[in-house]
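Structure file work-v1.txt with compact mmCIF, C-alpha atoms:
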# COMPACT_ATOMS: atom_id res chain seq x y z
CA MET A 18 -21.87 41.45 -24.20
CA ALA A 19 -18.56 40.37 -22.76
CA GLU A 20 -17.60 36.73 -22.94
CA ASN A 21 -17.30 35.09 -19.50
CA ARG A 22 -14.30 32.99 -18.48
CA GLY A 23 -16.05 29.69 -19.16
CA GLU A 24 -16.98 30.82 -22.65
CA LYS A 25 -13.40 31.99 -23.29
CA HIS A 26 -12.05 28.61 -22.21
CA THR A 27 -14.59 26.81 -24.40
CA ARG A 28 -13.54 29.06 -27.32
CA LEU A 29 -9.88 28.21 -26.65
CA MET A 30 -10.71 24.50 -26.73
CA LEU A 31 -12.60 24.90 -29.99
CA ASP A 32 -9.61 26.79 -31.40
CA PHE A 33 -7.38 23.91 -30.30
CA GLN A 34 -9.69 21.44 -32.02
CA GLN A 35 -9.08 23.45 -35.18
CA GLY A 36 -5.30 23.06 -34.80
CA ASP A 37 -4.28 26.07 -32.67
CA GLU A 38 -1.78 24.49 -30.26
CA ARG A 39 -1.18 27.86 -28.58
CA ALA A 40 -4.78 27.66 -27.35
CA TYR A 41 -4.03 24.27 -25.77
CA ARG A 42 -0.88 25.59 -24.09
CA LEU A 43 -2.87 28.50 -22.69
CA LEU A 44 -5.53 26.13 -21.31
CA VAL A 45 -2.80 24.05 -19.66
CA THR A 46 -1.36 27.20 -18.10
CA ILE A 47 -4.79 28.26 -16.84
CA TYR A 48 -5.83 24.87 -15.42
CA GLN A 49 -2.66 22.96 -14.45
CA ASN A 50 -2.51 24.22 -10.85
CA ARG A 51 -6.23 23.66 -10.28
CA VAL A 52 -6.11 20.13 -11.69
CA TYR A 53 -2.99 19.31 -9.66
CA ALA A 54 -4.54 20.70 -6.45
CA LEU A 55 -7.69 18.66 -6.99
CA ALA A 56 -5.68 15.50 -7.71
CA GLN A 57 -3.46 16.08 -4.66
CA ARG A 58 -6.48 16.50 -2.41
CA PHE A 59 -8.11 13.40 -3.87
CA LEU A 60 -5.03 11.15 -3.86
CA GLN A 61 -3.16 12.63 -0.85
CA ASN A 62 0.12 12.01 -2.63
CA ARG A 63 2.18 14.60 -4.54
CA ARG A 64 3.81 12.21 -6.98
CA ALA A 65 0.54 10.47 -7.81
CA ALA A 66 -1.14 13.88 -8.21
CA ALA A 67 1.59 15.04 -10.60
CA GLU A 68 1.25 11.84 -12.64
CA ALA A 69 -2.55 12.16 -12.67
CA THR A 70 -2.27 15.80 -13.79
CA LEU A 71 0.00 14.81 -16.67
CA ALA A 72 -2.45 12.07 -17.61
CA VAL A 73 -5.33 14.56 -17.61
CA PHE A 74 -3.62 16.94 -20.02
CA HIS A 75 -2.39 14.10 -22.19
CA LYS A 76 -5.96 12.80 -22.40
CA ALA A 77 -7.25 16.33 -23.11
CA PHE A 78 -4.76 16.56 -25.97
CA THR A 79 -5.54 13.15 -27.47
CA ALA A 80 -9.30 13.28 -26.86
CA ARG A 81 -9.77 16.91 -27.88
CA HIS A 82 -12.29 16.00 -30.57
CA SER A 83 -14.60 14.44 -27.96
CA PHE A 84 -15.16 17.88 -26.43
CA ARG A 85 -18.49 19.44 -27.44
CA ALA A 86 -19.09 23.20 -27.36
CA GLY A 87 -22.40 22.76 -25.50
CA ASN A 88 -20.55 21.37 -22.49
CA GLY A 89 -18.42 23.57 -20.29
CA PHE A 90 -14.69 23.12 -20.73
CA ALA A 91 -13.99 23.03 -16.97
CA ALA A 92 -16.58 20.29 -16.43
CA TRP A 93 -15.10 18.26 -19.31
CA LEU A 94 -11.54 18.70 -18.01
CA PHE A 95 -12.45 17.91 -14.40
CA GLY A 96 -14.28 14.83 -15.69
CA LEU A 97 -10.95 13.70 -17.14
CA ALA A 98 -9.32 14.53 -13.80
CA TYR A 99 -11.86 12.40 -11.95
CA GLU A 100 -11.18 9.44 -14.25
CA SER A 101 -7.43 9.92 -13.88
CA CYS A 102 -7.66 10.12 -10.07
CA GLN A 103 -9.81 7.00 -9.93
CA HIS A 104 -7.29 5.14 -12.09
CA ALA A 105 -4.37 6.34 -9.95
CA SER A 106 -6.21 5.41 -6.78
CA ALA A 107 -7.04 1.96 -8.13
CA ALA A 108 -3.39 1.50 -9.09
CA ASN A 109 -2.59 2.08 -5.41
CA HIS A 110 -0.36 5.11 -5.96
CA ALA A 111 -1.82 6.62 -2.81
CA ALA A 112 -0.08 3.95 -0.72
CA ASP A 113 3.18 5.88 -0.98
CA THR A 114 2.85 8.23 1.97
CA GLY A 115 6.43 9.48 1.88
CA CYS A 116 5.39 12.64 0.06
CA ARG A 117 2.55 13.59 2.37
CA GLU A 118 2.90 16.95 4.00
CA ALA A 119 3.28 16.86 7.74
CA SER A 120 0.51 19.00 9.15
CA GLY A 121 1.49 19.06 12.79
CA ARG A 122 -2.18 19.53 13.55
CA GLU A 123 -4.28 16.60 14.67
CA GLU A 124 -7.51 18.16 13.37
CA LYS A 125 -6.18 18.38 9.85
CA ARG A 126 -4.93 14.80 9.96
CA VAL A 127 -8.28 13.52 11.18
CA THR A 128 -10.15 15.56 8.55
CA VAL A 129 -7.89 14.32 5.74
CA GLN A 130 -8.38 10.73 6.91
CA ALA A 131 -12.15 11.19 7.08
CA VAL A 132 -12.27 12.61 3.56
CA ALA A 133 -10.03 9.79 2.30
CA ARG A 134 -12.53 7.23 3.64
CA LEU A 135 -15.34 8.64 1.49
CA SER A 136 -16.20 6.84 -1.73
CA PRO A 137 -14.41 8.22 -4.82
CA ALA A 138 -17.61 9.89 -6.07
CA GLU A 139 -18.33 11.43 -2.65
CA ARG A 140 -14.75 12.65 -2.32
CA MET A 141 -14.64 14.19 -5.81
CA ALA A 142 -18.07 15.83 -5.45
CA LEU A 143 -17.05 17.33 -2.11
CA LEU A 144 -13.72 18.59 -3.45
CA LEU A 145 -15.29 20.13 -6.56
CA ASP A 146 -17.98 21.78 -4.44
CA HIS A 147 -15.65 23.06 -1.73
CA TYR A 148 -12.45 23.97 -3.61
CA GLU A 149 -13.66 24.63 -7.16
CA ASN A 150 -17.02 26.17 -6.18
CA MET A 151 -18.70 24.19 -8.93
CA THR A 152 -22.47 24.10 -9.12
CA ILE A 153 -24.45 20.87 -8.71
CA LEU A 154 -25.04 20.88 -12.47
CA GLU A 155 -21.31 21.23 -13.21
CA ILE A 156 -20.43 18.46 -10.75
CA SER A 157 -23.08 16.25 -12.35
CA GLU A 158 -21.34 16.74 -15.71
CA VAL A 159 -17.97 15.82 -14.22
CA LEU A 160 -19.27 12.69 -12.50
CA HIS A 161 -21.66 11.74 -15.31
CA MET A 162 -24.60 11.65 -12.89
CA ASN A 163 -27.90 13.45 -12.72
CA PRO A 164 -28.00 16.50 -10.42
CA LEU A 165 -30.25 14.79 -7.84
CA ALA A 166 -27.72 11.98 -7.47
CA VAL A 167 -24.97 14.59 -6.92
CA GLU A 168 -27.04 16.32 -4.24
CA THR A 169 -27.56 12.97 -2.55
CA ILE A 170 -23.85 12.14 -2.72
CA LEU A 171 -22.89 15.54 -1.29
CA CYS A 172 -25.42 15.18 1.53
CA ARG A 173 -24.16 11.68 2.32
CA ALA A 174 -20.52 12.84 2.25
CA ARG A 175 -21.18 15.80 4.56
CA THR A 176 -23.18 13.64 6.95
CA SER A 177 -20.43 11.05 7.02
CA LEU A 178 -17.81 13.72 7.74
CA ARG A 179 -19.93 15.27 10.48
CA ILE A 180 -20.28 11.89 12.19
CA LYS A 181 -16.58 11.03 11.90
CA LEU A 182 -15.44 14.47 13.01
CA ALA A 183 -18.00 14.71 15.83
CA SER A 184 -16.63 11.57 17.44
CA TYR A 185 -13.10 13.00 17.18
CA LEU A 186 -14.19 16.35 18.64
CA GLN A 187 -15.95 14.56 21.47
CA LYS A 188 -12.79 12.61 22.30
CA ALA A 189 -10.63 15.73 22.02
CA GLY A 190 -12.99 17.69 24.25
CA SER A 191 -12.94 15.05 26.99
CA GLN A 192 -9.13 15.08 27.25

Representation of the structure as structure tokens:
Amino acid sequence: MAENRGEKHTRLMLDFQQGDERAYRLLVTIYQNRVYALAQRFLQNRRAAAEATLAVFHKAFTARHSFRAGNGFAAWLFGLAYESCQHASAANHAADTGCREASGREEKRVTVQAVARLSPAERMALLLDHYENMTILEISEVLHMNPLAVETILCRARTSLRIKLASYLQKAGSQ
């Protein structure tokens, strides 16, 4: 039976734990854009996202022996990304808005602002669900929560966004 991608990535991490640095470099190549994209969406700041991404891979390198084969590599790595994004957010890196992309579209701006107002756990769960297509179980591993708590957080986040965006759409429709 063919090994799936997740199993291959877990095998690469186990190889890295045994000293194969080429395996680590390959994992960085595979995941660096995904981790950066997630961090950029979470932090809304390119520089902070780049710093968070570096921190994630530094932590993955130094904490490689904390990875366990029974856990998925992606969930473990995105757990590190969540911690790194929370730290960067707490350090107020997101206050530097000079690197934000100009959208030119009011809807996108309002949506980005609405997502940014979610709690860190709601924001990360929503981003992992929407952009990484992670399952509830995988998200629960990343956030260190039980799956029911993740379902609740996702429901609360979606409801909050619907409310915030509905009021915007109502205002836009009346103009």

key: From A:Ala65, A:Leu165, A:Ala98, A:Leu135, residue lying nearest A:Gln49 [all atoms listed in the file]   = A:Ala98

inquiry  = Please report the interatomic distance between atom CA of A:Arg42 and atom CA of A:Arg63 in Å with one decimal.
reply    =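 Between atom CA of A:Arg42 and atom CA of A:Arg63 the gap works out to 22.6 Å.
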
message = Under the rule that all atoms listed in the file are counted, which of A:Ile153, A:Val129, A:Leu60, A:Ala107 is the nearest residue to A:Thr169?
response =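 Among the listed residues, the smallest separation from A:Thr169 belongs to A:Ile153.
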
Neighbour list for stretch 70-84 of chain A as a count of residues only, cut-off 12 Å, all atoms listed in the file, skip fewer than 4 positions in-chain = 55

Listed atoms of stretch 61-69 of chain A boxed along x, y and z, 3 Å each side, centre and edge lengths in Å, one decimal, as AutoDock Vina command-line options:
--center_x 0.3 --center_y 12.8 --center_z -6.8 --size_x 13.0 --size_y 10.6 --size_z 17.8

inquiry  = One decimal, in Å: what's the spacing between atom CA of A:Leu182 and atom CA of A:Glu149?
reply    =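 Computed distance, atom CA of A:Leu182 to atom CA of A:Glu149, equals 22.7 Å.
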
key: Minimum-distance residue to A:Ile170, chosen among A:Ala133, A:Met141, A:Leu154, A:Ala86 (using only C-alpha atoms)   = A:Met141

ask   = To one decimal place, how far is atom CA of A:Ile156 from atom CA of A:Ala142 in Å?
value =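 Computed distance, atom CA of A:Ile156 to atom CA of A:Ala142, equals 6.4 Å.
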
message = Using only C-alpha atoms, can you tell me which of A:Arg58, A:Arg22, A:Arg85, A:Val132 comes closest to A:Ile180?
response =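 That would be A:Val132, the residue with the smallest distance to A:Ile180.
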
Write out N, CA and C atoms for stretch 138-163 of chain A, as a PDB file, keeping the file's coordinate frame.
ATOM      1  N   ALA A 138     -16.630   8.911  -5.586  1.00  0.00           N
ATOM      2  CA  ALA A 138     -17.610   9.890  -6.070  1.00  0.00           C
ATOM      3  C   ALA A 138     -17.925  10.925  -5.005  1.00  0.00           C
ATOM      4  N   GLU A 139     -18.073  10.492  -3.744  1.00  0.00           N
ATOM      5  CA  GLU A 139     -18.330  11.430  -2.650  1.00  0.00           C
ATOM      6  C   GLU A 139     -17.161  12.393  -2.484  1.00  0.00           C
ATOM      7  N   ARG A 140     -15.958  11.842  -2.501  1.00  0.00           N
ATOM      8  CA  ARG A 140     -14.750  12.650  -2.320  1.00  0.00           C
ATOM      9  C   ARG A 140     -14.624  13.689  -3.439  1.00  0.00           C
ATOM     10  N   MET A 141     -14.793  13.258  -4.691  1.00  0.00           N
ATOM     11  CA  MET A 141     -14.640  14.190  -5.810  1.00  0.00           C
ATOM     12  C   MET A 141     -15.741  15.244  -5.781  1.00  0.00           C
ATOM     13  N   ALA A 142     -16.973  14.852  -5.518  1.00  0.00           N
ATOM     14  CA  ALA A 142     -18.070  15.830  -5.450  1.00  0.00           C
ATOM     15  C   ALA A 142     -17.790  16.871  -4.378  1.00  0.00           C
ATOM     16  N   LEU A 143     -17.346  16.416  -3.218  1.00  0.00           N
ATOM     17  CA  LEU A 143     -17.050  17.330  -2.110  1.00  0.00           C
ATOM     18  C   LEU A 143     -15.907  18.275  -2.463  1.00  0.00           C
ATOM     19  N   LEU A 144     -14.858  17.757  -3.074  1.00  0.00           N
ATOM     20  CA  LEU A 144     -13.720  18.590  -3.450  1.00  0.00           C
ATOM     21  C   LEU A 144     -14.093  19.617  -4.515  1.00  0.00           C
ATOM     22  N   LEU A 145     -14.868  19.194  -5.511  1.00  0.00           N
ATOM     23  CA  LEU A 145     -15.290  20.130  -6.560  1.00  0.00           C
ATOM     24  C   LEU A 145     -16.210  21.209  -5.989  1.00  0.00           C
ATOM     25  N   ASP A 146     -17.077  20.815  -5.067  1.00  0.00           N
ATOM     26  CA  ASP A 146     -17.980  21.780  -4.440  1.00  0.00           C
ATOM     27  C   ASP A 146     -17.200  22.751  -3.564  1.00  0.00           C
ATOM     28  N   HIS A 147     -16.342  22.232  -2.712  1.00  0.00           N
ATOM     29  CA  HIS A 147     -15.650  23.060  -1.730  1.00  0.00           C
ATOM     30  C   HIS A 147     -14.509  23.897  -2.326  1.00  0.00           C
ATOM     31  N   TYR A 148     -13.642  23.278  -3.130  1.00  0.00           N
ATOM     32  CA  TYR A 148     -12.450  23.970  -3.610  1.00  0.00           C
ATOM     33  C   TYR A 148     -12.625  24.637  -4.974  1.00  0.00           C
ATOM     34  N   GLU A 149     -13.468  24.065  -5.826  1.00  0.00           N
ATOM     35  CA  GLU A 149     -13.660  24.630  -7.160  1.00  0.00           C
ATOM     36  C   GLU A 149     -14.942  25.450  -7.272  1.00  0.00           C
ATOM     37  N   ASN A 150     -15.755  25.436  -6.199  1.00  0.00           N
ATOM     38  CA  ASN A 150     -17.020  26.170  -6.180  1.00  0.00           C
ATOM     39  C   ASN A 150     -17.898  25.857  -7.386  1.00  0.00           C
ATOM     40  N   MET A 151     -17.872  24.598  -7.799  1.00  0.00           N
ATOM     41  CA  MET A 151     -18.700  24.190  -8.930  1.00  0.00           C
ATOM     42  C   MET A 151     -20.147  24.033  -8.474  1.00  0.00           C
ATOM     43  N   THR A 152     -21.054  24.275  -9.404  1.00  0.00           N
ATOM     44  CA  THR A 152     -22.470  24.100  -9.120  1.00  0.00           C
ATOM     45  C   THR A 152     -22.805  22.603  -9.170  1.00  0.00           C
ATOM     46  N   ILE A 153     -23.981  22.265  -8.663  1.00  0.00           N
ATOM     47  CA  ILE A 153     -24.450  20.870  -8.710  1.00  0.00           C
ATOM     48  C   ILE A 153     -24.488  20.400 -10.159  1.00  0.00           C
ATOM     49  N   LEU A 154     -24.949  21.246 -11.049  1.00  0.00           N
ATOM     50  CA  LEU A 154     -25.040  20.880 -12.470  1.00  0.00           C
ATOM     51  C   LEU A 154     -23.648  20.605 -13.052  1.00  0.00           C
ATOM     52  N   GLU A 155     -22.672  21.445 -12.720  1.00  0.00           N
ATOM     53  CA  GLU A 155     -21.310  21.230 -13.210  1.00  0.00           C
ATOM     54  C   GLU A 155     -20.716  19.941 -12.650  1.00  0.00           C
ATOM     55  N   ILE A 156     -20.937  19.697 -11.361  1.00  0.00           N
ATOM     56  CA  ILE A 156     -20.430  18.460 -10.750  1.00  0.00           C
ATOM     57  C   ILE A 156     -21.099  17.258 -11.391  1.00  0.00           C
ATOM     58  N   SER A 157     -22.379  17.372 -11.706  1.00  0.00           N
ATOM     59  CA  SER A 157     -23.080  16.250 -12.350  1.00  0.00           C
ATOM     60  C   SER A 157     -22.475  15.939 -13.715  1.00  0.00           C
ATOM     61  N   GLU A 158     -22.011  16.966 -14.426  1.00  0.00           N
ATOM     62  CA  GLU A 158     -21.340  16.740 -15.710  1.00  0.00           C
ATOM     63  C   GLU A 158     -20.011  16.030 -15.517  1.00  0.00           C
ATOM     64  N   VAL A 159     -19.268  16.438 -14.499  1.00  0.00           N
ATOM     65  CA  VAL A 159     -17.970  15.820 -14.220  1.00  0.00           C
ATOM     66  C   VAL A 159     -18.136  14.346 -13.871  1.00  0.00           C
ATOM     67  N   LEU A 160     -19.100  14.056 -12.996  1.00  0.00           N
ATOM     68  CA  LEU A 160     -19.270  12.690 -12.500  1.00  0.00           C
ATOM     69  C   LEU A 160     -20.188  11.840 -13.379  1.00  0.00           C
ATOM     70  N   HIS A 161     -20.742  12.452 -14.414  1.00  0.00           N
ATOM     71  CA  HIS A 161     -21.660  11.740 -15.310  1.00  0.00           C
ATOM     72  C   HIS A 161     -22.844  11.174 -14.540  1.00  0.00           C
ATOM     73  N   MET A 162     -23.442  12.021 -13.707  1.00  0.00           N
ATOM     74  CA  MET A 162     -24.600  11.650 -12.890  1.00  0.00           C
ATOM     75  C   MET A 162     -25.659  12.734 -13.052  1.00  0.00           C
ATOM     76  N   ASN A 163     -26.891  12.391 -12.689  1.00  0.00           N
ATOM     77  CA  ASN A 163     -27.900  13.450 -12.720  1.00  0.00           C
ATOM     78  C   ASN A 163     -27.730  14.322 -11.477  1.00  0.00           C
TER      79      ASN A 163
END
